[in-house]
Amino acid sequence: MRRLCLLMAALLIASIGVPAINAQPRNTPQYVTLYAHSTGTSLFLNALPQWGGQKIADISNATSFKLVPTLGEPLRIYGAITFTIYLQATSALIGNLVVELLEQKSSGSEVPVSGAQIESPVALGTHALPVTLGVGTIDYEFAAGSSIILRLMVNSLSVTGVPYLAWDSPATPTNLRIPAFNAIQAQVTYSDNGLIFNKVLQSDPSGAANVTFLANVTDSIGSYQLSENAQLTLTATNGTTITMIPTRSV
């Protein structure tokens with residue numbers, strides 16, 4: 001949960017708008033793409049296509065990417081899941097790609113998402129190419145504080161050749177696409193003491209008084225960065241609107 005501190009010059013009604021993803025709760029699932037990224041030896045997922053430079057690694061053994069940060073609230077998925085995995089090999093290779101989706105509980109235990117495991121034959125060459133697989137219909141709810149894990153492995157059936165996974169580049173955006181309910185919900189709440197006026201009943205020459213309030217935005221899946229992309233639209237009782245970029249304080 002992120003908290004935004006705002007100071008405006010009128011008593012206004014606020015609503016939050018974000019690009020690409022509607023901040024209002026929905027009755028139908030909204031597809032969110034989680035990309036594979038890494039920093040050093042840390043492998044993680046998030047919904048931001050901000051590339052760290054292409055990485056490749058031997059995928060003969062299970063390789064796992066975990067959603068960071070953990071979910072801020074329960075997250076239900078319902079519908080088809082699509083995996084797009086970029087693979088290559090040191091030489092021509094035949095094998096089986098094994099893909100799993102799991103939930104890592106806050107305790108650290110792992111639970112497979114029922115129906116979201118797939119094994120498919122693959123023929124790999126020396127250049128990274130996408131392998132796209134889909135499973136559905138998946139109906140599952142991840143608990144608050146848990147994480148989503150994408151686990152991958154290629155079982156080689158060839159005598160020679162080593163299978164490799166490629167990720168973290170616009171040329172090789174290994175990812176999964178999930179149908180999520182209410183991945184983002186926005187609401188405006190006031191501070192503990194209600195509206196806080198600067199010099200109560202005092203106003204500037206235009207007649208406007210300074211009003212401070214807090215807006216809490218719940219972003220359970222890390223779908224955007226408020227500090228860069230969020231937009232706050234405020235509407236006064238006379239219909240006047242003001243658009244501004246919020247200041248993230250926490």
# chains A, B, ... in the order shown; residues from 1 in each chain; ligands from 1
call {"tool": "closest_atom_pairs", "arguments": {"of": "segment 138-191 of chain A", "to": "segment 53-58 of chain A", "cutoff": "8 Å", "atoms": "only C-alpha atoms", "output": "Markdown table"}}
result
| residue | atom | partner | partner_atom | distance |
| --- | --- | --- | --- | --- |
| A:Val162 | CA | A:Asp58 | CA | 6.9 |
| A:Pro163 | CA | A:Asp58 | CA | 5.9 |
| A:Tyr164 | CA | A:Asp58 | CA | 4.5 |
| A:Leu165 | CA | A:Ile56 | CA | 5.4 |
| A:Ala166 | CA | A:Ile56 | CA | 4.4 |
| A:Trp167 | CA | A:Lys55 | CA | 5.5 |
| A:Asp168 | CA | A:Gln54 | CA | 5.0 |
| A:Ser169 | CA | A:Gln54 | CA | 4.7 |
| A:Thr172 | CA | A:Gln54 | CA | 7.2 |
call {"tool": "write_last_selection", "arguments": {"atoms": "C-alpha atoms", "output": "PDB file, in the first residue's frame"}}
result
ATOM      1  CA  VAL A 162      22.399 -27.510 -23.312  1.00  0.00           C
ATOM      2  CA  PRO A 163      19.020 -25.696 -23.023  1.00  0.00           C
ATOM      3  CA  TYR A 164      19.074 -22.026 -22.039  1.00  0.00           C
ATOM      4  CA  LEU A 165      16.420 -19.569 -20.894  1.00  0.00           C
ATOM      5  CA  ALA A 166      16.628 -15.916 -22.021  1.00  0.00           C
ATOM      6  CA  TRP A 167      14.877 -12.999 -20.233  1.00  0.00           C
ATOM      7  CA  ASP A 168      14.971  -9.342 -19.124  1.00  0.00           C
ATOM      8  CA  SER A 169      15.164  -7.778 -22.579  1.00  0.00           C
ATOM      9  CA  THR A 172      13.358 -11.820 -25.027  1.00  0.00           C
TER      10      THR A 172
END
call {"tool": "residues_around", "arguments": {"residues": "Ile77 of chain A", "least_positions_apart": "2", "cutoff": "10 Å", "atoms": "only C-alpha atoms", "output": "list of chain:residue names"}}
result
A:Pro29, A:Gln30, A:Tyr31, A:Leu75, A:Gly79, A:Ala80, A:Ile81, A:Thr137, A:Ile138, A:Asp139, A:Tyr140, A:Glu141, A:Phe142, A:Ile178, A:Pro179, A:Ala180, A:Phe181, A:Asn182, A:Ala183
call {"tool": "write_last_selection", "arguments": {"atoms": "N, CA and C atoms", "output": "PDB file, in the first residue's frame"}}
result
ATOM      1  N   PRO A  29     -12.380 -10.212 -15.069  1.00  0.00           N
ATOM      2  CA  PRO A  29     -10.923 -10.197 -14.879  1.00  0.00           C
ATOM      3  C   PRO A  29     -10.226  -9.259 -15.855  1.00  0.00           C
ATOM      4  N   GLN A  30      -9.125  -8.721 -15.404  1.00  0.00           N
ATOM      5  CA  GLN A  30      -8.294  -7.832 -16.207  1.00  0.00           C
ATOM      6  C   GLN A  30      -6.940  -8.508 -16.392  1.00  0.00           C
ATOM      7  N   TYR A  31      -6.490  -8.603 -17.625  1.00  0.00           N
ATOM      8  CA  TYR A  31      -5.236  -9.318 -17.865  1.00  0.00           C
ATOM      9  C   TYR A  31      -4.034  -8.452 -17.497  1.00  0.00           C
ATOM     10  N   LEU A  75      -5.603 -11.869  -4.116  1.00  0.00           N
ATOM     11  CA  LEU A  75      -5.702 -11.664  -5.561  1.00  0.00           C
ATOM     12  C   LEU A  75      -6.297 -12.904  -6.207  1.00  0.00           C
ATOM     13  N   GLY A  79      -9.625 -17.567 -15.437  1.00  0.00           N
ATOM     14  CA  GLY A  79      -9.537 -17.549 -16.889  1.00  0.00           C
ATOM     15  C   GLY A  79      -8.284 -18.274 -17.351  1.00  0.00           C
ATOM     16  N   ALA A  80      -7.911 -18.007 -18.590  1.00  0.00           N
ATOM     17  CA  ALA A  80      -6.743 -18.670 -19.191  1.00  0.00           C
ATOM     18  C   ALA A  80      -5.456 -17.943 -18.821  1.00  0.00           C
ATOM     19  N   ILE A  81      -4.402 -18.704 -18.592  1.00  0.00           N
ATOM     20  CA  ILE A  81      -3.066 -18.159 -18.333  1.00  0.00           C
ATOM     21  C   ILE A  81      -2.183 -18.473 -19.532  1.00  0.00           C
ATOM     22  N   THR A 137      -9.473 -23.304 -17.916  1.00  0.00           N
ATOM     23  CA  THR A 137      -9.706 -22.085 -17.143  1.00  0.00           C
ATOM     24  C   THR A 137      -9.195 -22.293 -15.712  1.00  0.00           C
ATOM     25  N   ILE A 138      -8.396 -21.317 -15.220  1.00  0.00           N
ATOM     26  CA  ILE A 138      -7.837 -21.395 -13.880  1.00  0.00           C
ATOM     27  C   ILE A 138      -8.646 -20.488 -12.955  1.00  0.00           C
ATOM     28  N   ASP A 139      -9.087 -21.030 -11.836  1.00  0.00           N
ATOM     29  CA  ASP A 139      -9.806 -20.258 -10.820  1.00  0.00           C
ATOM     30  C   ASP A 139      -9.059 -20.458  -9.503  1.00  0.00           C
ATOM     31  N   TYR A 140      -8.396 -19.386  -9.042  1.00  0.00           N
ATOM     32  CA  TYR A 140      -7.535 -19.518  -7.866  1.00  0.00           C
ATOM     33  C   TYR A 140      -7.411 -18.163  -7.189  1.00  0.00           C
ATOM     34  N   GLU A 141      -7.306 -18.174  -5.862  1.00  0.00           N
ATOM     35  CA  GLU A 141      -7.078 -16.937  -5.120  1.00  0.00           C
ATOM     36  C   GLU A 141      -5.787 -17.027  -4.324  1.00  0.00           C
ATOM     37  N   PHE A 142      -4.894 -16.083  -4.580  1.00  0.00           N
ATOM     38  CA  PHE A 142      -3.654 -15.960  -3.815  1.00  0.00           C
ATOM     39  C   PHE A 142      -3.944 -15.157  -2.549  1.00  0.00           C
ATOM     40  N   ILE A 178      -1.814 -13.200 -16.708  1.00  0.00           N
ATOM     41  CA  ILE A 178      -2.838 -13.762 -15.826  1.00  0.00           C
ATOM     42  C   ILE A 178      -4.098 -12.898 -15.830  1.00  0.00           C
ATOM     43  N   PRO A 179      -5.284 -13.531 -15.696  1.00  0.00           N
ATOM     44  CA  PRO A 179      -6.541 -12.781 -15.602  1.00  0.00           C
ATOM     45  C   PRO A 179      -6.859 -12.487 -14.141  1.00  0.00           C
ATOM     46  N   ALA A 180      -6.671 -11.244 -13.709  1.00  0.00           N
ATOM     47  CA  ALA A 180      -6.777 -10.894 -12.290  1.00  0.00           C
ATOM     48  C   ALA A 180      -7.988 -10.028 -12.014  1.00  0.00           C
ATOM     49  N   PHE A 181      -8.650 -10.282 -10.875  1.00  0.00           N
ATOM     50  CA  PHE A 181      -9.737  -9.443 -10.406  1.00  0.00           C
ATOM     51  C   PHE A 181      -9.191  -8.392  -9.454  1.00  0.00           C
ATOM     52  N   ASN A 182      -9.573  -7.132  -9.682  1.00  0.00           N
ATOM     53  CA  ASN A 182      -9.236  -6.054  -8.762  1.00  0.00           C
ATOM     54  C   ASN A 182      -7.752  -6.010  -8.409  1.00  0.00           C
ATOM     55  N   ALA A 183      -6.919  -6.091  -9.443  1.00  0.00           N
ATOM     56  CA  ALA A 183      -5.475  -6.002  -9.201  1.00  0.00           C
ATOM     57  C   ALA A 183      -5.113  -4.644  -8.606  1.00  0.00           C
TER      58      ALA A 183
END
call {"tool": "select_by_dssp", "arguments": {"residues": "segment 44-117 of chain A", "states": "strand (DSSP E)", "output": "ChimeraX atom specification"}}
result
/A:44-46,55-58,63-67,75-89,93-104,110-117
call {"tool": "write_last_selection", "arguments": {"atoms": "N, CA and C atoms", "output": "short mmCIF file (atom, residue, chain, number, x, y, z; two decimals), in the first residue's frame"}}
result
data_model
loop_
_atom_site.label_atom_id
_atom_site.label_comp_id
_atom_site.auth_asym_id
_atom_site.auth_seq_id
_atom_site.Cartn_x
_atom_site.Cartn_y
_atom_site.Cartn_z
N PHE A 44 13.15 -12.40 -10.26
CA PHE A 44 11.85 -11.94 -9.78
C PHE A 44 10.92 -11.59 -10.94
N LEU A 45 9.63 -11.44 -10.58
CA LEU A 45 8.58 -11.04 -11.52
C LEU A 45 8.02 -9.69 -11.09
N ASN A 46 7.66 -8.87 -12.08
CA ASN A 46 6.78 -7.73 -11.82
C ASN A 46 6.13 -7.31 -13.13
N LYS A 55 19.57 -11.59 -20.08
CA LYS A 55 20.26 -12.63 -19.31
C LYS A 55 19.94 -13.98 -19.95
N ILE A 56 20.88 -14.91 -19.85
CA ILE A 56 20.62 -16.29 -20.26
C ILE A 56 21.21 -17.20 -19.18
N ALA A 57 20.57 -18.34 -18.99
CA ALA A 57 21.05 -19.29 -17.98
C ALA A 57 20.60 -20.69 -18.36
N ASP A 58 21.42 -21.66 -17.97
CA ASP A 58 21.11 -23.07 -18.16
C ASP A 58 19.80 -23.38 -17.45
N THR A 63 14.24 -23.45 -12.58
CA THR A 63 14.57 -22.05 -12.38
C THR A 63 13.29 -21.32 -12.01
N SER A 64 13.31 -20.53 -10.92
CA SER A 64 12.09 -19.91 -10.40
C SER A 64 12.21 -18.40 -10.36
N PHE A 65 11.13 -17.73 -10.79
CA PHE A 65 10.99 -16.28 -10.68
C PHE A 65 9.82 -16.00 -9.75
N LYS A 66 10.02 -15.08 -8.80
CA LYS A 66 9.01 -14.82 -7.77
C LYS A 66 8.56 -13.36 -7.80
N LEU A 67 7.24 -13.14 -7.70
CA LEU A 67 6.69 -11.80 -7.69
C LEU A 67 7.24 -11.01 -6.51
N LEU A 75 -5.60 -11.87 -4.12
CA LEU A 75 -5.70 -11.66 -5.56
C LEU A 75 -6.30 -12.90 -6.21
N ARG A 76 -7.48 -12.75 -6.79
CA ARG A 76 -8.12 -13.87 -7.46
C ARG A 76 -7.83 -13.81 -8.95
N ILE A 77 -7.52 -14.97 -9.54
CA ILE A 77 -7.39 -15.07 -10.98
C ILE A 77 -8.45 -16.04 -11.49
N TYR A 78 -8.99 -15.73 -12.66
CA TYR A 78 -10.01 -16.60 -13.25
C TYR A 78 -9.94 -16.47 -14.77
N GLY A 79 -9.62 -17.57 -15.44
CA GLY A 79 -9.54 -17.55 -16.89
C GLY A 79 -8.28 -18.27 -17.35
N ALA A 80 -7.91 -18.01 -18.59
CA ALA A 80 -6.74 -18.67 -19.19
C ALA A 80 -5.46 -17.94 -18.82
N ILE A 81 -4.40 -18.70 -18.59
CA ILE A 81 -3.07 -18.16 -18.33
C ILE A 81 -2.18 -18.47 -19.53
N THR A 82 -1.42 -17.49 -19.97
CA THR A 82 -0.51 -17.67 -21.10
C THR A 82 0.93 -17.50 -20.64
N PHE A 83 1.77 -18.47 -20.98
CA PHE A 83 3.21 -18.39 -20.69
C PHE A 83 3.95 -18.15 -22.00
N THR A 84 4.83 -17.17 -22.02
CA THR A 84 5.69 -16.92 -23.18
C THR A 84 7.14 -17.03 -22.71
N ILE A 85 7.79 -18.10 -23.14
CA ILE A 85 9.12 -18.44 -22.63
C ILE A 85 10.12 -18.41 -23.79
N TYR A 86 11.22 -17.67 -23.62
CA TYR A 86 12.24 -17.59 -24.67
C TYR A 86 13.36 -18.58 -24.37
N LEU A 87 13.58 -19.50 -25.33
CA LEU A 87 14.53 -20.59 -25.14
C LEU A 87 15.51 -20.69 -26.31
N GLN A 88 16.69 -21.19 -26.00
CA GLN A 88 17.69 -21.50 -27.01
C GLN A 88 18.56 -22.62 -26.48
N ALA A 89 19.52 -23.08 -27.29
CA ALA A 89 20.41 -24.16 -26.86
C ALA A 89 21.77 -23.97 -27.49
N LEU A 93 18.51 -29.13 -30.22
CA LEU A 93 18.13 -29.91 -29.04
C LEU A 93 16.62 -30.20 -29.07
N ILE A 94 16.29 -31.42 -28.69
CA ILE A 94 14.90 -31.82 -28.50
C ILE A 94 14.70 -32.09 -27.01
N GLY A 95 13.59 -31.61 -26.46
CA GLY A 95 13.36 -31.82 -25.04
C GLY A 95 11.92 -31.53 -24.67
N ASN A 96 11.65 -31.50 -23.38
CA ASN A 96 10.33 -31.18 -22.84
C ASN A 96 10.44 -29.96 -21.93
N LEU A 97 9.64 -28.94 -22.23
CA LEU A 97 9.57 -27.76 -21.38
C LEU A 97 8.52 -27.98 -20.31
N VAL A 98 8.90 -27.81 -19.06
CA VAL A 98 7.98 -27.95 -17.93
C VAL A 98 7.78 -26.57 -17.32
N VAL A 99 6.52 -26.14 -17.24
CA VAL A 99 6.19 -24.83 -16.69
C VAL A 99 5.20 -25.03 -15.54
N GLU A 100 5.44 -24.36 -14.41
CA GLU A 100 4.56 -24.45 -13.25
C GLU A 100 4.28 -23.07 -12.69
N LEU A 101 3.06 -22.88 -12.21
CA LEU A 101 2.70 -21.68 -11.47
C LEU A 101 2.38 -22.09 -10.05
N LEU A 102 2.99 -21.41 -9.08
CA LEU A 102 2.81 -21.77 -7.67
C LEU A 102 2.53 -20.53 -6.84
N GLU A 103 2.00 -20.76 -5.65
CA GLU A 103 1.84 -19.71 -4.65
C GLU A 103 2.81 -19.99 -3.51
N GLN A 104 3.65 -19.01 -3.18
CA GLN A 104 4.49 -19.13 -2.00
C GLN A 104 3.80 -18.40 -0.86
N GLU A 110 5.19 -23.71 -0.38
CA GLU A 110 4.76 -23.51 -1.76
C GLU A 110 3.58 -24.42 -2.09
N VAL A 111 2.59 -23.85 -2.79
CA VAL A 111 1.39 -24.58 -3.17
C VAL A 111 1.20 -24.45 -4.68
N PRO A 112 1.16 -25.56 -5.43
CA PRO A 112 0.92 -25.47 -6.88
C PRO A 112 -0.48 -24.90 -7.15
N VAL A 113 -0.59 -24.05 -8.13
CA VAL A 113 -1.89 -23.54 -8.56
C VAL A 113 -2.53 -24.64 -9.41
N SER A 114 -3.66 -25.16 -8.95
CA SER A 114 -4.28 -26.30 -9.60
C SER A 114 -4.58 -26.02 -11.07
N GLY A 115 -4.12 -26.90 -11.93
CA GLY A 115 -4.37 -26.78 -13.36
C GLY A 115 -3.37 -25.93 -14.11
N ALA A 116 -2.47 -25.26 -13.39
CA ALA A 116 -1.53 -24.33 -14.04
C ALA A 116 -0.14 -24.93 -14.18
N GLN A 117 -0.09 -26.22 -14.48
CA GLN A 117 1.17 -26.90 -14.78
C GLN A 117 1.06 -27.48 -16.19
#
call {"tool": "residues_around", "arguments": {"residues": "Tyr35 of chain A", "least_positions_apart": "6", "cutoff": "8 Å", "atoms": "only C-alpha atoms", "output": "ChimeraX atom specification"}}
result
/A:45-49,168,173-176
call {"tool": "write_last_selection", "arguments": {"atoms": "N, CA and C atoms", "output": "PDB file, in the first residue's frame"}}
result
ATOM      1  N   LEU A  45       9.631 -11.442 -10.582  1.00  0.00           N
ATOM      2  CA  LEU A  45       8.580 -11.042 -11.519  1.00  0.00           C
ATOM      3  C   LEU A  45       8.019  -9.690 -11.092  1.00  0.00           C
ATOM      4  N   ASN A  46       7.658  -8.865 -12.076  1.00  0.00           N
ATOM      5  CA  ASN A  46       6.781  -7.727 -11.817  1.00  0.00           C
ATOM      6  C   ASN A  46       6.126  -7.314 -13.127  1.00  0.00           C
ATOM      7  N   ALA A  47       5.204  -6.362 -13.052  1.00  0.00           N
ATOM      8  CA  ALA A  47       4.426  -5.969 -14.222  1.00  0.00           C
ATOM      9  C   ALA A  47       5.040  -4.783 -14.953  1.00  0.00           C
ATOM     10  N   LEU A  48       6.290  -4.442 -14.642  1.00  0.00           N
ATOM     11  CA  LEU A  48       6.938  -3.290 -15.261  1.00  0.00           C
ATOM     12  C   LEU A  48       7.943  -3.741 -16.317  1.00  0.00           C
ATOM     13  N   PRO A  49       7.718  -3.403 -17.581  1.00  0.00           N
ATOM     14  CA  PRO A  49       8.675  -3.772 -18.626  1.00  0.00           C
ATOM     15  C   PRO A  49       9.870  -2.829 -18.648  1.00  0.00           C
ATOM     16  N   ASP A 168      14.605 -10.710 -19.542  1.00  0.00           N
ATOM     17  CA  ASP A 168      14.971  -9.342 -19.124  1.00  0.00           C
ATOM     18  C   ASP A 168      15.460  -8.463 -20.267  1.00  0.00           C
ATOM     19  N   PRO A 173      11.326 -11.084 -23.855  1.00  0.00           N
ATOM     20  CA  PRO A 173      10.527 -10.770 -22.655  1.00  0.00           C
ATOM     21  C   PRO A 173       9.780 -11.985 -22.103  1.00  0.00           C
ATOM     22  N   THR A 174      10.513 -12.922 -21.519  1.00  0.00           N
ATOM     23  CA  THR A 174       9.859 -14.068 -20.880  1.00  0.00           C
ATOM     24  C   THR A 174       8.829 -13.564 -19.866  1.00  0.00           C
ATOM     25  N   ASN A 175       7.597 -14.100 -19.932  1.00  0.00           N
ATOM     26  CA  ASN A 175       6.531 -13.565 -19.087  1.00  0.00           C
ATOM     27  C   ASN A 175       5.379 -14.542 -18.949  1.00  0.00           C
ATOM     28  N   LEU A 176       4.464 -14.223 -18.037  1.00  0.00           N
ATOM     29  CA  LEU A 176       3.179 -14.901 -17.956  1.00  0.00           C
ATOM     30  C   LEU A 176       2.086 -13.858 -17.892  1.00  0.00           C
TER      31      LEU A 176
END
